[in-house]
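**Student:** Pasting input17.txt below, which is compact mmCIF, C-alpha atoms.
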```txt
# COMPACT_ATOMS: atom_id res chain seq x y z
CA MET G 1066 7.41 35.39 14.74
CA GLN G 1067 8.68 36.51 11.36
CA SER G 1068 5.96 36.84 8.74
CA PHE G 1069 5.70 37.57 5.05
CA ARG G 1070 3.02 38.41 2.56
CA LEU G 1071 2.92 37.74 -1.16
CA ASP G 1072 0.76 39.61 -3.64
CA LEU G 1073 -2.23 37.85 -5.20
CA GLY G 1074 -1.00 35.37 -7.74
CA ALA G 1075 2.57 35.39 -6.54
CA ARG G 1076 4.35 32.06 -7.03
CA THR G 1077 7.08 30.62 -4.89
CA SER G 1078 9.09 27.50 -5.59
CA GLY G 1079 10.48 25.94 -2.45
CA ALA G 1080 9.07 28.78 -0.34
CA VAL G 1081 7.56 26.32 2.08
CA GLU G 1082 10.98 24.90 2.93
CA THR G 1083 12.43 28.40 3.27
CA HIS G 1084 9.81 29.76 5.67
CA ARG G 1085 8.25 26.61 7.11
CA SER G 1086 6.11 27.37 10.18
CA THR G 1087 7.16 31.04 10.26
CA CYS G 1088 4.76 31.79 7.43
CA ALA G 1089 1.85 34.11 8.21
CA LEU G 1090 -0.29 34.11 5.09
CA ARG G 1091 -3.13 36.59 4.70
CA ALA G 1092 -6.71 35.77 3.75
CA ASP G 1093 -6.80 38.46 1.07
CA SER G 1094 -3.80 37.06 -0.78
CA ALA G 1095 -3.17 33.81 -2.61
CA VAL G 1096 0.24 32.20 -2.25
CA VAL G 1097 1.07 29.71 -4.98
CA LEU G 1098 3.47 26.90 -4.13
CA ASP G 1099 4.99 24.36 -6.49
CA VAL G 1100 5.36 20.95 -4.88
CA ASP G 1101 7.36 18.03 -6.28
CA THR G 1102 5.46 14.72 -6.41
CA PRO G 1103 6.34 11.26 -7.78
CA HIS G 1104 4.53 12.19 -10.99
CA GLY G 1105 5.63 15.76 -11.60
CA THR G 1106 5.09 19.20 -10.12
CA ALA G 1107 1.78 19.98 -8.45
CA ARG G 1108 0.68 23.55 -7.80
CA VAL G 1109 -1.05 24.63 -4.59
CA HIS G 1110 -3.01 27.87 -4.22
CA LEU G 1111 -3.25 28.86 -0.54
CA ARG G 1112 -5.95 31.07 0.94
CA GLN G 1113 -5.56 31.48 4.69
CA ALA G 1114 -8.18 32.73 7.12
CA ASP G 1115 -7.18 35.44 9.58
CA GLU G 1116 -7.44 33.08 12.55
CA PRO G 1117 -7.64 29.61 10.99
CA ARG G 1118 -9.07 26.72 12.98
CA ALA G 1119 -8.70 24.09 10.25
CA TRP G 1120 -7.60 23.55 6.65
CA LEU G 1121 -9.63 22.42 3.65
CA VAL G 1122 -7.58 20.92 0.80
CA LEU G 1123 -9.51 20.68 -2.48
CA GLY G 1124 -8.77 19.09 -5.84
CA HIS G 1125 -10.22 19.87 -9.28
CA GLY G 1126 -12.20 17.81 -11.75
CA ALA G 1127 -10.77 15.70 -14.54
CA ALA G 1128 -10.80 18.37 -17.26
CA GLY G 1129 -11.24 21.50 -15.12
CA GLY G 1130 -9.09 23.62 -12.88
CA VAL G 1131 -9.16 25.12 -9.40
CA THR G 1132 -11.17 28.14 -10.59
CA SER G 1133 -14.36 26.16 -11.22
CA ARG G 1134 -17.35 27.97 -9.75
CA ASP G 1135 -18.28 25.35 -7.18
CA LEU G 1136 -14.70 25.20 -5.87
CA VAL G 1137 -14.74 29.00 -5.56
CA ALA G 1138 -18.07 28.81 -3.68
CA ALA G 1139 -16.67 26.16 -1.34
CA THR G 1140 -13.54 28.24 -0.76
CA GLU G 1141 -15.53 31.31 0.21
CA ALA G 1142 -17.76 29.23 2.49
CA ALA G 1143 -14.72 27.76 4.23
CA LEU G 1144 -13.06 31.14 4.74
CA ALA G 1145 -16.31 32.42 6.27
CA GLU G 1146 -15.90 29.66 8.89
CA ASP G 1147 -12.24 30.51 9.55
CA VAL G 1148 -11.11 27.46 7.61
CA SER G 1149 -8.09 28.07 5.39
CA VAL G 1150 -8.09 26.55 1.91
CA ALA G 1151 -5.47 24.91 -0.29
CA LEU G 1152 -6.51 24.35 -3.92
CA VAL G 1153 -4.39 21.68 -5.57
CA GLU G 1154 -3.60 21.44 -9.28
CA GLN G 1155 -2.55 17.95 -10.26
CA PRO G 1156 0.77 17.58 -12.17
CA TYR G 1157 -0.93 16.74 -15.49
CA ARG G 1158 -2.77 20.08 -15.38
CA VAL G 1159 0.37 21.99 -14.41
CA ALA G 1160 2.12 20.38 -17.39
CA GLY G 1161 -0.66 21.64 -19.69
CA ARG G 1162 -2.38 18.31 -20.37
CA ARG G 1163 -6.18 18.01 -20.25
CA SER G 1164 -6.43 14.24 -20.17
CA PRO G 1165 -6.25 13.06 -16.56
CA ALA G 1166 -3.50 10.80 -15.30
CA PRO G 1167 -4.26 7.25 -14.09
CA ALA G 1168 -5.98 7.04 -10.72
CA HIS G 1169 -2.93 5.70 -8.90
CA HIS G 1170 -0.86 8.62 -10.23
CA LEU G 1171 -3.47 11.11 -9.04
CA ASP G 1172 -3.62 9.49 -5.62
CA ALA G 1173 0.15 9.40 -5.21
CA ALA G 1174 0.57 13.05 -6.25
CA TRP G 1175 -2.27 14.13 -3.95
CA THR G 1176 -0.81 12.23 -1.00
CA ALA G 1177 2.59 13.82 -1.60
CA VAL G 1178 1.05 17.29 -1.60
CA VAL G 1179 -0.90 16.65 1.60
CA GLU G 1180 2.22 15.29 3.30
CA ARG G 1181 4.17 18.41 2.33
CA LEU G 1182 1.39 20.70 3.53
CA ARG G 1183 1.14 18.80 6.81
CA ALA G 1184 4.88 19.16 7.35
CA ASP G 1185 5.23 22.81 6.42
CA VAL G 1186 1.92 24.70 6.34
CA LEU G 1187 -0.97 23.17 8.30
CA GLU G 1188 0.57 23.70 11.75
CA ASP G 1189 -1.23 20.74 13.37
CA LEU G 1190 -4.67 22.14 12.53
CA PRO G 1191 -7.47 19.69 11.64
CA LEU G 1192 -7.56 18.72 7.97
CA VAL G 1193 -10.59 18.26 5.72
CA THR G 1194 -9.93 17.03 2.19
CA GLY G 1195 -12.15 17.03 -0.86
CA GLY G 1196 -12.68 18.18 -4.39
CA ARG G 1197 -15.05 18.26 -7.32
CA SER G 1198 -15.87 15.22 -9.46
CA ALA G 1199 -12.62 13.31 -10.08
CA GLY G 1200 -10.99 15.33 -7.33
CA ALA G 1201 -13.64 14.10 -4.92
CA ARG G 1202 -12.83 10.52 -5.85
CA VAL G 1203 -9.15 11.12 -5.12
CA ALA G 1204 -10.01 12.59 -1.72
CA CYS G 1205 -12.18 9.55 -0.89
CA ARG G 1206 -9.56 7.02 -1.92
CA THR G 1207 -6.83 8.77 0.09
CA ALA G 1208 -8.85 9.91 3.12
CA ALA G 1209 -7.27 7.41 5.50
CA ALA G 1210 -3.73 8.01 4.25
CA SER G 1211 -4.25 11.78 4.51
CA GLY G 1212 -5.53 11.58 8.08
CA ALA G 1213 -8.56 13.63 7.05
CA ALA G 1214 -11.12 14.58 9.69
CA GLY G 1215 -13.77 14.90 6.98
CA VAL G 1216 -14.23 14.67 3.22
CA LEU G 1217 -16.10 17.14 0.99
CA CYS G 1218 -17.36 15.86 -2.36
CA LEU G 1219 -18.70 18.29 -4.93
CA ALA G 1220 -20.51 16.51 -7.80
CA PHE G 1221 -19.23 13.01 -7.02
CA PRO G 1222 -19.41 11.03 -10.32
CA LEU G 1223 -21.28 8.02 -8.99
CA LEU G 1224 -21.65 6.23 -12.31
CA PRO G 1225 -19.14 6.41 -15.18
CA PRO G 1226 -20.36 7.23 -18.69
CA ARG G 1227 -22.20 4.31 -20.29
CA ARG G 1228 -19.98 2.24 -22.51
CA ALA G 1229 -20.58 1.59 -26.18
CA GLY G 1230 -22.90 -1.31 -26.73
CA GLY G 1231 -24.84 -0.67 -23.55
CA LYS G 1232 -22.52 -2.71 -21.32
CA PRO G 1233 -23.24 -2.36 -17.59
CA VAL G 1234 -21.26 0.27 -15.73
CA GLU G 1235 -19.83 -0.23 -12.27
CA SER G 1236 -20.89 2.15 -9.52
CA ARG G 1237 -18.21 4.10 -7.68
CA LEU G 1238 -20.22 3.98 -4.46
CA PRO G 1239 -17.60 1.73 -2.80
CA GLU G 1240 -15.16 4.65 -2.90
CA LEU G 1241 -17.61 6.70 -0.84
CA ASP G 1242 -18.50 3.80 1.44
CA ALA G 1243 -14.84 3.23 2.26
CA VAL G 1244 -14.50 6.69 3.85
CA GLN G 1245 -14.62 6.33 7.63
CA VAL G 1246 -14.97 10.01 8.55
CA PRO G 1247 -17.87 12.48 8.13
CA THR G 1248 -18.51 13.15 4.46
CA LEU G 1249 -20.56 15.76 2.64
CA VAL G 1250 -21.71 15.17 -0.93
CA VAL G 1251 -23.20 18.18 -2.74
CA GLN G 1252 -24.87 16.91 -5.90
CA GLY G 1253 -26.94 18.46 -8.67
CA GLU G 1254 -30.42 16.93 -8.67
CA ARG G 1255 -30.14 16.35 -12.43
CA ASP G 1256 -26.56 15.05 -12.39
CA PRO G 1257 -26.32 12.51 -15.25
CA PHE G 1258 -23.77 10.55 -13.22
CA GLY G 1259 -26.35 9.87 -10.53
CA VAL G 1260 -26.91 10.88 -6.92
CA PRO G 1261 -25.45 8.75 -4.10
CA THR G 1262 -27.43 7.79 -1.05
CA GLY G 1263 -26.67 9.06 2.43
CA SER G 1264 -25.45 6.99 5.36
CA VAL G 1265 -24.54 7.37 9.02
CA LEU G 1266 -21.32 9.22 8.15
CA ARG G 1267 -22.38 10.61 4.76
CA THR G 1268 -24.61 13.65 4.30
CA VAL G 1269 -25.99 14.16 0.78
CA VAL G 1270 -27.35 17.57 -0.19
CA THR G 1271 -28.99 17.98 -3.59
CA VAL G 1272 -29.14 21.39 -5.23
CA SER G 1273 -30.68 22.66 -8.47
CA GLY G 1274 -28.70 21.84 -11.56
CA ASP G 1275 -26.51 19.18 -13.07
CA HIS G 1276 -22.93 17.96 -12.69
CA SER G 1277 -21.51 21.48 -13.06
CA LEU G 1278 -23.27 22.72 -9.88
CA ARG G 1279 -23.46 26.15 -11.50
CA SER G 1280 -27.22 26.64 -11.23
CA ASP G 1281 -27.34 27.46 -7.52
CA LEU G 1282 -23.90 28.37 -6.21
CA PRO G 1283 -25.31 30.04 -3.05
CA ALA G 1284 -26.89 26.69 -2.13
CA VAL G 1285 -23.55 24.96 -2.69
CA GLY G 1286 -21.79 27.44 -0.44
CA ALA G 1287 -24.49 27.23 2.23
CA ALA G 1288 -24.29 23.42 2.33
CA VAL G 1289 -20.51 23.51 2.69
CA GLN G 1290 -20.58 26.19 5.37
CA SER G 1291 -23.25 24.43 7.43
CA TRP G 1292 -21.39 21.11 7.28
CA LEU G 1293 -18.04 22.67 8.22
CA GLN G 1294 -19.67 24.21 11.28
CA ARG G 1295 -20.44 20.69 12.50
CA VAL G 1296 -17.27 18.92 11.40
CA VAL G 1297 -14.66 21.48 12.46
CA GLU G 1298 -14.77 22.34 16.13
```
Could you rewrite the structure in this file as structure tokens?

**Tutor:**
Amino acid sequence: MQSFRLDLGARTSGAVETHRSTCALRADSAVVLDVDTPHGTARVHLRQADEPRAWLVLGHGAAGGVTSRDLVAATEAALAEDVSVALVEQPYRVAGRRSPAPAHHLDAAWTAVVERLRADVLEDLPLVTGGRSAGARVACRTAAASGAAGVLCLAFPLLPPRRAGGKPVESRLPELDAVQVPTLVVQGERDPFGVPTGSVLRTVVTVSGDHSLRSDLPAVGAAVQSWLQRVVE
């Protein structure tokens, strides 16, 4: 098998089509792929374990990027379990915009990225999807379409910000309830957006801190690693 290695931070456009399943990515390097979607170019940062037994595909929050501390903690936890990681930047972020795209645009772009990764990178390994905050919502809404074996939610925003005038807000719990595969929610115990309840398929772990999940990153990583041990066999 032919293999190649790119230096940390290297970027390839169309490299997936060029190398397809002959790629042998290294855990100590990040390969950056640009992927066309119906709503612009998404960017995928790949970190592959030495002997991967699954893939974890993660999305960022509404105003943040793939370098947020909880996503980094989850990535390191996954690699420790021989689970490779793909961190996905939505097209609006790649284009330099901070305001998120509409939900159906996010879902369509995410689904396009997962389809491309399934075709060219994942090599029939089990797939777990997830993300932080808005990225977790995208993963929940598209779990069935992605064929995910599990969903990881970091700081799921259960309740939207309260509207002016004190109008009632609608819970996003139905997005979590609709997921029909094992789900982990890691939530700050003081998250102003609320803490969801657990269920038969949904494990909820609360850690010190708020929506940022920055207060106890080791606890975030430990929760992710323990859950992956059970979900990925």

**Student:** Would you give me, as JSON lines, each residue of range 1129-1221 of chain G having an atom within 7 Å of an atom of range 1246-1250 of chain G, along with its shortest atom pair and that distance in Å to one decimal, using all atoms listed in the file and sorting by chain and residue number?

**Tutor:**
```
{"residue": "G:Ala1214", "atom": "CA", "partner": "G:Val1246", "partner_atom": "CA", "distance": 6.1}
{"residue": "G:Gly1215", "atom": "CA", "partner": "G:Pro1247", "partner_atom": "CA", "distance": 4.9}
{"residue": "G:Val1216", "atom": "CA", "partner": "G:Thr1248", "partner_atom": "CA", "distance": 4.7}
{"residue": "G:Leu1217", "atom": "CA", "partner": "G:Leu1249", "partner_atom": "CA", "distance": 5.0}
{"residue": "G:Cys1218", "atom": "CA", "partner": "G:Val1250", "partner_atom": "CA", "distance": 4.6}
{"residue": "G:Leu1219", "atom": "CA", "partner": "G:Val1250", "partner_atom": "CA", "distance": 5.9}
{"residue": "G:Phe1221", "atom": "CA", "partner": "G:Val1250", "partner_atom": "CA", "distance": 6.9}
```

**Student:** Of the candidates G:Asp1147, G:Asp1189, G:Glu1116, G:Asp1101, which one gets nearest to Gln1290 in chain G if we count only C-alpha atoms?

**Tutor:**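 Closest residue, counting only C-alpha atoms: G:Asp1147.
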
**Student:** Between G:Asp1185, G:Asp1256, G:Glu1154, G:Glu1146, which one has atoms that come closest to Gln1294 in chain G, using only C-alpha atoms?

**Tutor:**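 The closest residue to Gln1294 in chain G is G:Glu1146.
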
**Student:** What is the CA of Ala1201 in chain G-CA of Thr1102 in chain G distance in Å, reported with one decimal?

**Tutor:**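 Calculated distance between CA of Ala1201 in chain G and CA of Thr1102 in chain G is 19.2 Å.
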
**Student:** So that I can check the surroundings of Thr1140 in chain G, please list as a ChimeraX atom specification every protein, DNA and RNA residue that reaches within 10 Å of it, counting only C-alpha atoms and ignoring chain neighbours fewer than 2 positions away.

**Tutor:** /G:1112,1121-1123,1134-1138,1142-1145,1148-1152,1286,1289-1290

**Student:** Please indicate the distance in Å from CA of His1276 in chain G to CA of Arg1162 in chain G, rounded to one decimal place.

**Tutor:**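 Going from CA of His1276 in chain G over to CA of Arg1162 in chain G, I get 21.9 Å.
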